[in-house]
Every structure is written in structure tokens, then in C-alpha cells.
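Asks: Handing you this structure, nothing more for now.
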Amino acid sequence: MSKTLVAYFSASGVTRRVAENLAAAADADLYEIRPEVLYTSADLNWMDKSSRSSVEMKDKSSRPELADKDADIAAYDRIFLGFPIWWYTAPAIIKTFLESYDFAGKTIVLFATSGGSGLGKTAKDLEGCCPGAVIREGKLLNGNPSREALKEWAAQMA
């Protein structure tokens with residue numbers, strides 16, 4: 001088993017494609033963070049203040065349930081953690097994921113996809129969710145980065 005894991009949440013498939021390519025480029029294992037209740041397109045309508053994603057992101061204590069908690073985090077030293085940027089930070093389900101496991105002694109490298117904003121203060125927002133872990137800012141991986149570019153970036157994050 002690899003010492004590197006690519007764990008990701010993808011509501012629309014964009015982050016999934018990047019995560020799959022990153023896992024292949026970094027010779028890493030892949031784990032999908034899935035919500036117990038999948039998000040519909042109506043749930044993701046950021047223009048609707050009553051949509052599920054809007055309500056979750058407004059409530060800092062929101063922790064959407066995970067479909068499972070079977071990631072073998074103990075087997076990994078480095079975790080690339082990917083997600084779409086929602087409201088300038090990680091979706092609430094990322095906090096659920098981080099709080100569901102012991103990440104002490106692990107290095108977590110963030111990567112994200114976004115239609116319009118950067119990572120902002122995401123690393124700082126997530127620090128309290130995984131005591132003892134080192135969170136590295138990482139980068140936006142928009143578009144379709146080549147496997148060679150992803151391999152080079154993953155090596156830099158070692």
C-alpha cells in the first residue's frame with residue numbers, strides 16, 4: 001500500500017477528475033469522501049440562500065454526515081485532500097471528514113477546484129479539525145492539468 005492517499009469530495013465530478021489524475025501521477029491510493037445524502041443540483045445552487053449548500057456554509061457548526069468512515073488513514077503519511085471551493089473555503093463535509101479520523105503526525109496537502117476564487121484562508125479554517133496534523137496550502141488545480149504537471153507538483157509537496 002502506498003504511503004500517499006488522495007482523498008477528495010466532488011459534488012459535480014470536476015474535483016473527481018483532478019483527484020483521479022493526481023492519484024495516478026503520484027502513485028497514490030484514492031478515496032472518495034461521500035455524503036450520506038448526495039447533493040442535487042438544487043442543493044448546490046449558491047444563488048438560493050435556502051439551498052442545502054448555502055445553509056451548511058452559513059452554519060459554521062454544520063457537519064454533513066458521511067456515507068462511510070472506512071478510510072484507512074493510519075496507513076498513510078501524506079494525504080492530498082481535494083474539494084471544490086464553496087464560499088471561499090472548503091465545504092462543510094471536509095470538516096466532517098477531518099474530525100472523523102486521527103490525522104496526528106500526518107501531512108495534509110490541500111488542493112481544490114474553483115470557478116472563481118482561490119483557497120483563501122482554507123488551511124486556517126481547517127486547522128482545528130485535525131489536531132497534530134500539518135496542513136499545507138497546496139494549490140488550485142483547475143482545468144485539466146497534465147499528469148506530468150501533477151507528478152511534478154506532488155513531488156514538490158513531499
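Note on naming: chains are A, B, ... as they come in the C-alpha cells, residues start from 1 per chain, ligands start from 1 in the order shown.
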Near Phe111 in chain A, counting only C-alpha atoms, which residues have an atom at most 12 Å away, once you skip same-chain residues fewer than 3 positions from it, shown as a VMD selection string?

Replies: chain A and resid 6 to 10 15 to 16 18 to 19 22 79 to 85 89 to 90 108 114 118 to 120 122 to 123 135 to 142 150 153 to 154 157

Asks: With a distance cut-off of 12 Å and only C-alpha atoms, select the neighbouring residues of Ser51 in chain A, excluding the residue or stretch itself and same-chain residues fewer than 5 positions from it, and output the selection as a list in words.

Replies: Tyr39, Thr40, Ser41, Ala42, Asp43, Leu44, Asn45, Trp46, Glu56, Met57 and Lys58 of chain A

Asks: To one decimal place, how far is CA of Leu66 in chain A from CA of Phe103 in chain A in Å?

Replies: 17.0 Å

Asks: Compare A:Glu148, A:Leu5, A:Asp27, A:Val14 by their minimum atom-to-atom distance to Thr113 in chain A, counting only C-alpha atoms, and give me the closest one.

Replies: A:Val14

Asks: In Å, with one decimal, what is the gap from CA of Asp77 in chain A to CA of Lys106 in chain A?

Replies: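 Interatomic distance, CA of Asp77 in chain A to CA of Lys106 in chain A: 5.1 Å.
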
Asks: Which residues are close to range 93-95 of chain A, i.e. within 7 Å by only C-alpha atoms, leaving aside same-chain residues fewer than 3 positions away? Reply as a VMD selection string.

Replies: chain A and resid 63 to 64 90 98 to 99 126 129

Asks: Write out as a PyMOL selection string each polymer residue whose atoms come within 9 Å of Asp102 in chain A, counting only C-alpha atoms; drop sequence neighbours fewer than 3 positions from it.

Replies: chain A and resi 73-74+98-99+105-106+130-133

Asks: Write a file of the selected residues as an mmCIF file, in the first residue's frame, keeping N, CA, C and O atoms.

Replies:
```
data_model
loop_
_atom_site.group_PDB
_atom_site.id
_atom_site.type_symbol
_atom_site.label_atom_id
_atom_site.label_comp_id
_atom_site.auth_asym_id
_atom_site.auth_seq_id
_atom_site.Cartn_x
_atom_site.Cartn_y
_atom_site.Cartn_z
ATOM 1 N N ILE A 73 -6.831 5.817 7.265
ATOM 2 C CA ILE A 73 -5.934 6.972 7.392
ATOM 3 C C ILE A 73 -4.617 6.583 8.063
ATOM 4 O O ILE A 73 -3.558 7.104 7.710
ATOM 5 N N ALA A 74 -4.652 5.654 8.998
ATOM 6 C CA ALA A 74 -3.439 5.259 9.726
ATOM 7 C C ALA A 74 -2.354 4.723 8.795
ATOM 8 O O ALA A 74 -1.169 4.778 9.124
ATOM 9 N N LEU A 98 -12.369 15.386 8.334
ATOM 10 C CA LEU A 98 -11.180 15.591 9.164
ATOM 11 C C LEU A 98 -11.445 15.269 10.634
ATOM 12 O O LEU A 98 -10.564 14.749 11.328
ATOM 13 N N GLU A 99 -12.629 15.546 11.115
ATOM 14 C CA GLU A 99 -12.966 15.283 12.516
ATOM 15 C C GLU A 99 -13.318 13.817 12.776
ATOM 16 O O GLU A 99 -13.449 13.404 13.924
ATOM 17 N N GLY A 105 0.295 13.628 13.214
ATOM 18 C CA GLY A 105 1.522 13.164 12.584
ATOM 19 C C GLY A 105 1.448 13.072 11.069
ATOM 20 O O GLY A 105 2.443 12.734 10.423
ATOM 21 N N LYS A 106 0.303 13.371 10.483
ATOM 22 C CA LYS A 106 0.131 13.297 9.025
ATOM 23 C C LYS A 106 0.369 14.673 8.406
ATOM 24 O O LYS A 106 0.162 15.700 9.039
ATOM 25 N N CYS A 130 -8.170 18.924 12.709
ATOM 26 C CA CYS A 130 -7.246 17.791 12.664
ATOM 27 C C CYS A 130 -6.011 18.099 13.505
ATOM 28 O O CYS A 130 -4.934 18.327 12.958
ATOM 29 N N PRO A 131 -6.178 18.091 14.840
ATOM 30 C CA PRO A 131 -5.055 18.404 15.726
ATOM 31 C C PRO A 131 -3.861 17.475 15.493
ATOM 32 O O PRO A 131 -4.030 16.281 15.277
ATOM 33 N N GLY A 132 -2.688 18.070 15.499
ATOM 34 C CA GLY A 132 -1.473 17.281 15.346
ATOM 35 C C GLY A 132 -1.054 17.045 13.907
ATOM 36 O O GLY A 132 0.007 16.490 13.650
ATOM 37 N N ALA A 133 -1.882 17.459 12.965
ATOM 38 C CA ALA A 133 -1.540 17.317 11.545
ATOM 39 C C ALA A 133 -0.886 18.597 11.049
ATOM 40 O O ALA A 133 -1.096 19.666 11.604
#
```

Asks: Run DSSP on the backbone of this structure and report the residues of range 111-157 of chain A it assigns to helix (DSSP H, G or I), as a list in words.

Replies: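 Going through range 111-157 of chain A, the helix (DSSP H, G or I) residues come out as Thr122, Ala123, Lys124, Asp125, Leu126, Glu127, Arg147, Glu148, Ala149, Leu150, Lys151, Glu152, Trp153, Ala154, Ala155 and Gln156 of chain A.
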
Asks: Identify all residues of chain A in strand (DSSP E) (DSSP on the backbone) and supply them as an MDAnalysis selection string.

Replies: chainID A and resid 4:8 29:32 78:84 107:113 134:140

Asks: What is the distance, in Å and to one decimal place, between CA of Thr4 in chain A and CA of Ala26 in chain A?

Replies: 7.9 Å
